[in-house]
Amino acid sequence: MKIVDIKVMKGPNYWSNKRHKLIVMRLDLQETEEKPTHKIPGFAERLEATFPTMYEHRCSEGAPGGFFSRVKEGTWMGHVIEHIALEIQTLAGMDCGYGRTRETSEKGVYHVVFSYYEEKAGIFAARAAVDIAQSLMDSTLYDLPACIQKLREIREDERLGPSTGSIVDEAIKRQIPWIRLNRHSLVQLGYGKNQKRIQATIASTTSSIAVEIACDKEDTKNLLEAAEIPVPRGAVVYDEDDLKAAINKFGYPLVTKPLNGNHGKGATTNLTNWDEAVIGFNAAQKYGRAVICEKFITGRDYRVLVINYKFVAAALRTPAAIIGDGVHSIQQLIDIVNSDSRRGYGHEKVLTAIKVDESTLNILKDKNLTLETVIEKGRELWLKTTANLSTGGTANDVTHLVHPSNIFMAERIARIIGLDICGIDIMAENLTEPVSENGGAVLEVNAAPGFRMHLDPTDGIGRNVAEPVIDMLYPPGASARIPIIAVSGTNGKTTTTRLIAHIVKQMGHKVGFTTTDGVYIQNQMMMRGDCTGPISAEFVLKDPTVDFAVLECARGGILRAGLGFHNCDMAVVTNIAADHLGLQGIDTLEQLARVKAVVPNSVLKDGYSILNADDDLVYKMRDELDCKIALFSMDENSPRIKEHCDKHGIACVYEHGYITILKGNWKIRVDKVTNVPITFGGKAEFNIQNALAAVLAAYLRDFKIEDIKLALETFVPSPAQTPGRMNMFQFKNFSVLIDYAHNAHGMQAIGKYLGKVDATCKVGIVAGVGDRRDNDTIELGEEAAKVFDEIIIRQDKNLRGKADDEIIRLITQGIHNIDPKKKITVLKKESEAIDYAIKHAGKGSFITIISDVVPDALDQVMKYREEEEQQ
């Protein structure tokens, strides 16, 4: 078996609009194609013995054991690998349950599709599943425990922490979009100008001064002490002389901790003699020269959480510990504690397994114990100096027990420090009575407090502490989104996108838009090149200056990684025509339509999908959509339009020379087509279609008709506004048109326009692309022969898999199919082809350049025109 490629879906995609996180592995079974599972001796038995938990896989049988039944009856190895990939992720603490395996047009090649929890874990699972299947076929050993552990390690290394993850989960519940900004815990919530950021549990609303104060424990203590908050007495020490002076002043027991520490790092408690104090001092200095030495307050360790200056939760924390039974050694007792089903690796479960580390060994050494020691029955032994859950500690929820006086104190502390998300560490016998009365004290105030102890306490009620964070970031009435209009289809996407963006900008919005020639923020190009994929979409949605996004969505990006957004407010589908067929498993127009349909399927329920009623495959998309539908058509008498409007639907049509909105049985004429520059006086019918779609989108956004009309009339086809889309240059004796038409459908559209143009000779510069099917390239040649009197064949810079001579042969074949006597000139470089056409242009001729690198072609033609003007 051979893995051909692995793609990672991160948004709505060809395989599922609802399940965004999918691995798509293209797998060539090779000779295994001839070996379904029932023909491999002992395979089913080995599979069941290796993965007994797969009994829960229902498969198409719809009942437990269904998958095993399929294996015994006989299924293909791609299907088995799908289930293995899901199971090993689940065994590693990532519950993944969605999978599909589908044949491609190539014999023995399958798409194996399955869900993942973390991207790198999903990729690892894909490769591991193939290896495991091979070992089961060959009856060889495979180290499955090592594989599962590796997946756990990848998960812990890649996942959001439980605190950040809980905030993201709460955002998802409220349909607030999010983007992970780095591989750690920096996350963007919302889009564009309405975005907020979180990092761990620090929010974009959190004061940096407050964080600085909280990180400086001496400043924190001084502020609290000045505000009559009970705090331990102590001092900052820098060397052993300072340490000795502090001991003499405050006496034992003591605590040492770094001045600028957090999460209990470098802290040592209950120091009762000089040797312990020196060890604690040295441990703290690993994190900074300045060390706090303060009185050790006896009592219980409590964490109080305040969000948006309101008390939300409290927990009693206990360090990782064991209780002796007089029989088992310390190591055995640790193993027994770790066998608790609630304990796991890292953050995968409510509790973390206790790990014996240097801190644990130092505690044992100080008590003259070893891991082999058997301690007496009933003796509790703490194995860590701090009560963090990440080191095996436990937490009990005590939110409902906190005295009102302590709630007031906690909320006041948050205000004093200025922290809107604030964790307060209190040492006291209990929180049921005022800390000021029971001898307790506030030990620390923490920025970025962990939420895990409150979300999943060992005992007590879990508290959704992420909820008040989202309430704070997005109070009632505040929006996290910006309007998104997504444009898809085969031809006309870029012009439609640019026109919509132009209209929206005229309405006063700060627009970000993506096209096949670049990413633009307020008409400023930020990225050059084909920017119609998810990365470009995210670029716009990350920009804090943008309040409206118009995103061109091409097939390549959808198949490569899915959409760069989860939902949009509107979708436009221009048309479906043969282009890129035979690539990435998309072989038919129907399959291509399914790819494009991902975009309208992502529209929010109250949004609109704007569909071309003149295109059968686009019109058919409405059947599967769960949103509002609007239609556009070049024929006002279209039965589809009439049926739609009779049901009080909204449409936009070309009627009697006008772009007209139909609202039920009412007509709203927007503008004469001859007044709209991109239609070239109505000759460019494909741009009339593009204008219909754009006008409909603008109307459905409640823009005023007079504003839409003005925007239409100020959108001029030019290198600035529509580079590579019907760019016309008038020379003294001839005309030049530059366009991006790169398939037969596009060539037909150009042909319709040129059919209305008077010229002594129509010259076309055309090229084929190596990643198209032979028939597509031949058809392109045929369409060119119908349009042009003379044809110059050039080549793209990137041949994409075919030799240039082969592409030229296919285009020539297509031309000769129509007219064997057609004049053909071959000049492989685009620049040479343009030079030749312009230098040999006859009076009254019309040159059409179908360009590959539009900016270069524009520069070259404009240079010629400048030279002519200077003569």
# chains A, B, ... in the order shown; residues from 1 in each chain; ligands from 1
call {"tool": "residues_around", "arguments": {"residues": "Arg152 (chain A)", "least_positions_apart": "3", "cutoff": "6 Å", "atoms": "only C-alpha atoms", "output": "ChimeraX atom specification"}}
result
/A:92,149,155
call {"tool": "select_by_dssp", "arguments": {"residues": "region 422-574 of chain A", "states": "strand (DSSP E or B)", "output": "PyMOL selection string"}}
result
chain A and resi 422-428+441-446+459+484-488+511-515+518-521+524-528+548-552+568-573
call {"tool": "residues_around", "arguments": {"residues": "Thr848 (chain A)", "least_positions_apart": "4", "cutoff": "6 Å", "atoms": "only C-alpha atoms", "output": "PyMOL selection string"}}
result
chain A and resi 736-738+764
call {"tool": "residues_around", "arguments": {"residues": "region 336-339 of chain A", "least_positions_apart": "6", "cutoff": "10 Å", "atoms": "only C-alpha atoms", "output": "PDB file with all heavy atoms, in the first residue's frame"}}
result
ATOM      1  N   ALA A 320      -0.671  16.576  45.245  1.00  0.00           N
ATOM      2  CA  ALA A 320      -0.629  15.134  44.996  1.00  0.00           C
ATOM      3  C   ALA A 320      -0.175  14.433  46.274  1.00  0.00           C
ATOM      4  O   ALA A 320       0.818  14.822  46.895  1.00  0.00           O
ATOM      5  CB  ALA A 320       0.335  14.832  43.856  1.00  0.00           C
ATOM      6  N   ALA A 321      -0.909  13.391  46.674  1.00  0.00           N
ATOM      7  CA  ALA A 321      -0.623  12.743  47.958  1.00  0.00           C
ATOM      8  C   ALA A 321      -1.000  11.269  47.911  1.00  0.00           C
ATOM      9  O   ALA A 321      -1.765  10.825  47.048  1.00  0.00           O
ATOM     10  CB  ALA A 321      -1.396  13.448  49.072  1.00  0.00           C
ATOM     11  N   ILE A 322      -0.445  10.521  48.848  1.00  0.00           N
ATOM     12  CA  ILE A 322      -0.816   9.120  49.059  1.00  0.00           C
ATOM     13  C   ILE A 322      -1.089   8.933  50.537  1.00  0.00           C
ATOM     14  O   ILE A 322      -0.645   9.733  51.378  1.00  0.00           O
ATOM     15  CB  ILE A 322       0.293   8.155  48.601  1.00  0.00           C
ATOM     16  CG1 ILE A 322       1.617   8.503  49.301  1.00  0.00           C
ATOM     17  CG2 ILE A 322       0.443   8.160  47.084  1.00  0.00           C
ATOM     18  CD1 ILE A 322       2.733   7.500  49.050  1.00  0.00           C
ATOM     19  N   ILE A 323      -1.824   7.869  50.866  1.00  0.00           N
ATOM     20  CA  ILE A 323      -2.089   7.519  52.267  1.00  0.00           C
ATOM     21  C   ILE A 323      -1.585   6.110  52.500  1.00  0.00           C
ATOM     22  O   ILE A 323      -1.963   5.169  51.791  1.00  0.00           O
ATOM     23  CB  ILE A 323      -3.589   7.626  52.586  1.00  0.00           C
ATOM     24  CG1 ILE A 323      -4.067   9.072  52.394  1.00  0.00           C
ATOM     25  CG2 ILE A 323      -3.870   7.159  54.008  1.00  0.00           C
ATOM     26  CD1 ILE A 323      -5.557   9.260  52.579  1.00  0.00           C
ATOM     27  N   HIS A 328       1.998  -1.494  51.220  1.00  0.00           N
ATOM     28  CA  HIS A 328       2.590  -1.139  49.939  1.00  0.00           C
ATOM     29  C   HIS A 328       3.646  -0.052  50.072  1.00  0.00           C
ATOM     30  O   HIS A 328       3.556   0.822  50.963  1.00  0.00           O
ATOM     31  CB  HIS A 328       1.498  -0.654  48.966  1.00  0.00           C
ATOM     32  CG  HIS A 328       0.506  -1.728  48.603  1.00  0.00           C
ATOM     33  ND1 HIS A 328      -0.688  -1.919  49.285  1.00  0.00           N
ATOM     34  CD2 HIS A 328       0.538  -2.677  47.626  1.00  0.00           C
ATOM     35  CE1 HIS A 328      -1.357  -2.918  48.739  1.00  0.00           C
ATOM     36  NE2 HIS A 328      -0.630  -3.402  47.728  1.00  0.00           N
ATOM     37  N   ILE A 330       5.863   3.305  48.731  1.00  0.00           N
ATOM     38  CA  ILE A 330       5.420   4.601  48.213  1.00  0.00           C
ATOM     39  C   ILE A 330       5.180   4.516  46.701  1.00  0.00           C
ATOM     40  O   ILE A 330       4.170   5.014  46.200  1.00  0.00           O
ATOM     41  CB  ILE A 330       6.453   5.688  48.553  1.00  0.00           C
ATOM     42  CG1 ILE A 330       6.460   5.938  50.078  1.00  0.00           C
ATOM     43  CG2 ILE A 330       6.171   6.975  47.791  1.00  0.00           C
ATOM     44  CD1 ILE A 330       7.547   6.874  50.558  1.00  0.00           C
ATOM     45  N   TYR A 345      -2.980  11.033  31.216  1.00  0.00           N
ATOM     46  CA  TYR A 345      -1.763  11.717  30.782  1.00  0.00           C
ATOM     47  C   TYR A 345      -2.088  13.175  30.462  1.00  0.00           C
ATOM     48  O   TYR A 345      -3.017  13.468  29.721  1.00  0.00           O
ATOM     49  CB  TYR A 345      -1.198  11.028  29.538  1.00  0.00           C
ATOM     50  CG  TYR A 345       0.068  11.647  29.008  1.00  0.00           C
ATOM     51  CD1 TYR A 345       1.304  11.336  29.561  1.00  0.00           C
ATOM     52  CD2 TYR A 345       0.025  12.538  27.942  1.00  0.00           C
ATOM     53  CE1 TYR A 345       2.470  11.898  29.066  1.00  0.00           C
ATOM     54  CE2 TYR A 345       1.181  13.110  27.436  1.00  0.00           C
ATOM     55  CZ  TYR A 345       2.402  12.784  28.008  1.00  0.00           C
ATOM     56  OH  TYR A 345       3.559  13.352  27.509  1.00  0.00           O
ATOM     57  N   LEU A 351      -8.278  14.343  36.289  1.00  0.00           N
ATOM     58  CA  LEU A 351      -7.064  14.389  37.105  1.00  0.00           C
ATOM     59  C   LEU A 351      -5.853  13.955  36.289  1.00  0.00           C
ATOM     60  O   LEU A 351      -5.968  13.161  35.357  1.00  0.00           O
ATOM     61  CB  LEU A 351      -7.216  13.476  38.324  1.00  0.00           C
ATOM     62  CG  LEU A 351      -8.319  13.828  39.320  1.00  0.00           C
ATOM     63  CD1 LEU A 351      -8.444  12.741  40.373  1.00  0.00           C
ATOM     64  CD2 LEU A 351      -8.039  15.170  39.978  1.00  0.00           C
ATOM     65  N   THR A 352      -4.707  14.485  36.663  1.00  0.00           N
ATOM     66  CA  THR A 352      -3.448  14.123  36.005  1.00  0.00           C
ATOM     67  C   THR A 352      -2.728  13.067  36.834  1.00  0.00           C
ATOM     68  O   THR A 352      -2.726  13.127  38.075  1.00  0.00           O
ATOM     69  CB  THR A 352      -2.551  15.363  35.854  1.00  0.00           C
ATOM     70  OG1 THR A 352      -3.235  16.317  35.025  1.00  0.00           O
ATOM     71  CG2 THR A 352      -1.218  15.014  35.214  1.00  0.00           C
ATOM     72  N   ALA A 353      -2.137  12.109  36.160  1.00  0.00           N
ATOM     73  CA  ALA A 353      -1.368  11.079  36.856  1.00  0.00           C
ATOM     74  C   ALA A 353      -0.212  11.723  37.619  1.00  0.00           C
ATOM     75  O   ALA A 353       0.399  12.695  37.158  1.00  0.00           O
ATOM     76  CB  ALA A 353      -0.839  10.056  35.857  1.00  0.00           C
ATOM     77  N   ILE A 354       0.087  11.180  38.799  1.00  0.00           N
ATOM     78  CA  ILE A 354       1.200  11.686  39.608  1.00  0.00           C
ATOM     79  C   ILE A 354       2.508  11.204  38.999  1.00  0.00           C
ATOM     80  O   ILE A 354       2.692  10.013  38.759  1.00  0.00           O
ATOM     81  CB  ILE A 354       1.084  11.200  41.065  1.00  0.00           C
ATOM     82  CG1 ILE A 354      -0.233  11.693  41.687  1.00  0.00           C
ATOM     83  CG2 ILE A 354       2.275  11.677  41.884  1.00  0.00           C
ATOM     84  CD1 ILE A 354      -0.529  11.083  43.041  1.00  0.00           C
ATOM     85  N   LYS A 355       3.386  12.140  38.735  1.00  0.00           N
ATOM     86  CA  LYS A 355       4.685  11.811  38.159  1.00  0.00           C
ATOM     87  C   LYS A 355       5.770  12.037  39.195  1.00  0.00           C
ATOM     88  O   LYS A 355       5.814  13.082  39.846  1.00  0.00           O
ATOM     89  CB  LYS A 355       4.950  12.678  36.926  1.00  0.00           C
ATOM     90  CG  LYS A 355       6.249  12.351  36.220  1.00  0.00           C
ATOM     91  CD  LYS A 355       6.422  13.256  35.009  1.00  0.00           C
ATOM     92  CE  LYS A 355       7.734  12.969  34.292  1.00  0.00           C
ATOM     93  NZ  LYS A 355       7.925  13.857  33.117  1.00  0.00           N
ATOM     94  N   GLY A 392      -0.708  16.510  39.549  1.00  0.00           N
ATOM     95  CA  GLY A 392      -1.382  15.404  40.218  1.00  0.00           C
ATOM     96  C   GLY A 392      -2.229  15.796  41.402  1.00  0.00           C
ATOM     97  O   GLY A 392      -2.779  14.931  42.089  1.00  0.00           O
TER      98      GLY A 392
END
call {"tool": "closest_residue", "arguments": {"among": "A:Lys295, A:Lys863, A:Lys762, A:Lys822", "to": "Phe729 (chain A)", "atoms": "only C-alpha atoms"}}
result
A:Lys863
call {"tool": "closest_residue", "arguments": {"among": "A:Ala578, A:Leu710, A:Ile850, A:Val109", "to": "Gly768 (chain A)", "atoms": "only C-alpha atoms"}}
result
A:Ile850
call {"tool": "residues_around", "arguments": {"residues": "Cys422 (chain A)", "least_positions_apart": "4", "cutoff": "12 Å", "atoms": "only C-alpha atoms", "output": "count of residues only"}}
result
41
call {"tool": "residues_around", "arguments": {"residues": "region 12-19 of chain A", "least_positions_apart": "4", "cutoff": "7 Å", "atoms": "only C-alpha atoms", "output": "number ranges by chain"}}
result
A: 558-559, 562-563, 566, 594-595, 598, 601-602
call {"tool": "write_last_selection", "arguments": {"atoms": "N, CA, C and O atoms", "output": "short mmCIF file (atom, residue, chain, number, x, y, z; two decimals), in the first residue's frame"}}
result
data_model
loop_
_atom_site.label_atom_id
_atom_site.label_comp_id
_atom_site.auth_asym_id
_atom_site.auth_seq_id
_atom_site.Cartn_x
_atom_site.Cartn_y
_atom_site.Cartn_z
N ILE A 558 -10.82 24.78 -1.58
CA ILE A 558 -11.86 23.97 -0.94
C ILE A 558 -11.39 22.52 -0.83
O ILE A 558 -11.57 21.86 0.20
N LEU A 559 -10.77 22.01 -1.91
CA LEU A 559 -10.31 20.61 -1.91
C LEU A 559 -9.05 20.44 -1.08
O LEU A 559 -8.82 19.38 -0.50
N GLY A 562 -10.50 23.07 2.67
CA GLY A 562 -11.82 23.55 3.07
C GLY A 562 -11.85 25.07 3.05
O GLY A 562 -10.90 25.73 2.66
N LEU A 563 -12.97 25.62 3.47
CA LEU A 563 -13.11 27.08 3.51
C LEU A 563 -12.34 27.66 4.69
O LEU A 563 -12.14 26.98 5.70
N HIS A 566 -16.18 29.36 8.86
CA HIS A 566 -17.17 28.33 9.11
C HIS A 566 -18.53 28.68 8.53
O HIS A 566 -19.27 27.80 8.08
N ARG A 594 -20.53 19.83 -6.68
CA ARG A 594 -20.51 19.51 -5.24
C ARG A 594 -19.43 20.30 -4.52
O ARG A 594 -19.61 20.72 -3.38
N VAL A 595 -18.30 20.48 -5.18
CA VAL A 595 -17.22 21.28 -4.58
C VAL A 595 -17.69 22.71 -4.39
O VAL A 595 -17.57 23.29 -3.30
N VAL A 598 -20.15 23.69 -1.56
CA VAL A 598 -19.68 23.86 -0.17
C VAL A 598 -19.91 25.29 0.29
O VAL A 598 -20.24 25.55 1.45
N ASN A 601 -23.60 26.09 1.05
CA ASN A 601 -23.96 25.27 2.21
C ASN A 601 -23.43 25.85 3.52
O ASN A 601 -23.83 25.40 4.59
N SER A 602 -22.52 26.79 3.44
CA SER A 602 -21.96 27.40 4.65
C SER A 602 -22.71 28.66 5.07
O SER A 602 -22.36 29.28 6.07
#
call {"tool": "atom_distance", "arguments": {"atom1": "CA of Ser831 (chain A)", "atom2": "CA of Val763 (chain A)"}}
result
15.5 Å
call {"tool": "select_by_dssp", "arguments": {"residues": "region 282-354 of chain A", "states": "alpha helix (DSSP H)", "output": "PDB file with N, CA, C and O atoms, in the first residue's frame"}}
result
ATOM      1  N   ASN A 282      17.386  28.404  46.855  1.00  0.00           N
ATOM      2  CA  ASN A 282      18.054  28.024  45.608  1.00  0.00           C
ATOM      3  C   ASN A 282      17.047  27.590  44.545  1.00  0.00           C
ATOM      4  O   ASN A 282      17.217  27.871  43.352  1.00  0.00           O
ATOM      5  N   ALA A 283      15.999  26.871  44.965  1.00  0.00           N
ATOM      6  CA  ALA A 283      14.964  26.442  44.015  1.00  0.00           C
ATOM      7  C   ALA A 283      14.255  27.647  43.400  1.00  0.00           C
ATOM      8  O   ALA A 283      13.958  27.675  42.196  1.00  0.00           O
ATOM      9  N   ALA A 284      14.006  28.680  44.210  1.00  0.00           N
ATOM     10  CA  ALA A 284      13.331  29.881  43.715  1.00  0.00           C
ATOM     11  C   ALA A 284      14.234  30.685  42.789  1.00  0.00           C
ATOM     12  O   ALA A 284      13.778  31.268  41.794  1.00  0.00           O
ATOM     13  N   GLN A 285      15.534  30.696  43.077  1.00  0.00           N
ATOM     14  CA  GLN A 285      16.453  31.493  42.255  1.00  0.00           C
ATOM     15  C   GLN A 285      16.677  30.911  40.863  1.00  0.00           C
ATOM     16  O   GLN A 285      17.254  31.582  39.999  1.00  0.00           O
ATOM     17  N   ILE A 330       5.863   3.305  48.731  1.00  0.00           N
ATOM     18  CA  ILE A 330       5.420   4.601  48.213  1.00  0.00           C
ATOM     19  C   ILE A 330       5.180   4.516  46.701  1.00  0.00           C
ATOM     20  O   ILE A 330       4.170   5.014  46.200  1.00  0.00           O
ATOM     21  N   GLN A 331       6.078   3.889  45.969  1.00  0.00           N
ATOM     22  CA  GLN A 331       5.914   3.761  44.531  1.00  0.00           C
ATOM     23  C   GLN A 331       4.659   2.954  44.197  1.00  0.00           C
ATOM     24  O   GLN A 331       3.903   3.305  43.286  1.00  0.00           O
ATOM     25  N   GLN A 332       4.414   1.886  44.964  1.00  0.00           N
ATOM     26  CA  GLN A 332       3.220   1.080  44.725  1.00  0.00           C
ATOM     27  C   GLN A 332       1.947   1.870  45.011  1.00  0.00           C
ATOM     28  O   GLN A 332       0.958   1.764  44.283  1.00  0.00           O
ATOM     29  N   LEU A 333       2.000   2.696  46.065  1.00  0.00           N
ATOM     30  CA  LEU A 333       0.839   3.527  46.385  1.00  0.00           C
ATOM     31  C   LEU A 333       0.588   4.563  45.292  1.00  0.00           C
ATOM     32  O   LEU A 333      -0.574   4.849  44.948  1.00  0.00           O
ATOM     33  N   ILE A 334       1.669   5.109  44.737  1.00  0.00           N
ATOM     34  CA  ILE A 334       1.518   6.057  43.621  1.00  0.00           C
ATOM     35  C   ILE A 334       0.875   5.359  42.429  1.00  0.00           C
ATOM     36  O   ILE A 334      -0.038   5.892  41.789  1.00  0.00           O
ATOM     37  N   ASP A 335       1.323   4.139  42.164  1.00  0.00           N
ATOM     38  CA  ASP A 335       0.748   3.381  41.045  1.00  0.00           C
ATOM     39  C   ASP A 335      -0.732   3.100  41.268  1.00  0.00           C
ATOM     40  O   ASP A 335      -1.541   3.142  40.324  1.00  0.00           O
ATOM     41  N   ILE A 336      -1.087   2.813  42.517  1.00  0.00           N
ATOM     42  CA  ILE A 336      -2.493   2.545  42.846  1.00  0.00           C
ATOM     43  C   ILE A 336      -3.328   3.803  42.629  1.00  0.00           C
ATOM     44  O   ILE A 336      -4.418   3.753  42.036  1.00  0.00           O
ATOM     45  N   VAL A 337      -2.808   4.959  43.078  1.00  0.00           N
ATOM     46  CA  VAL A 337      -3.521   6.223  42.876  1.00  0.00           C
ATOM     47  C   VAL A 337      -3.675   6.511  41.384  1.00  0.00           C
ATOM     48  O   VAL A 337      -4.747   6.916  40.918  1.00  0.00           O
ATOM     49  N   ASN A 338      -2.614   6.269  40.624  1.00  0.00           N
ATOM     50  CA  ASN A 338      -2.658   6.544  39.179  1.00  0.00           C
ATOM     51  C   ASN A 338      -3.571   5.601  38.415  1.00  0.00           C
ATOM     52  O   ASN A 338      -3.954   5.879  37.276  1.00  0.00           O
TER      53      ASN A 338
END
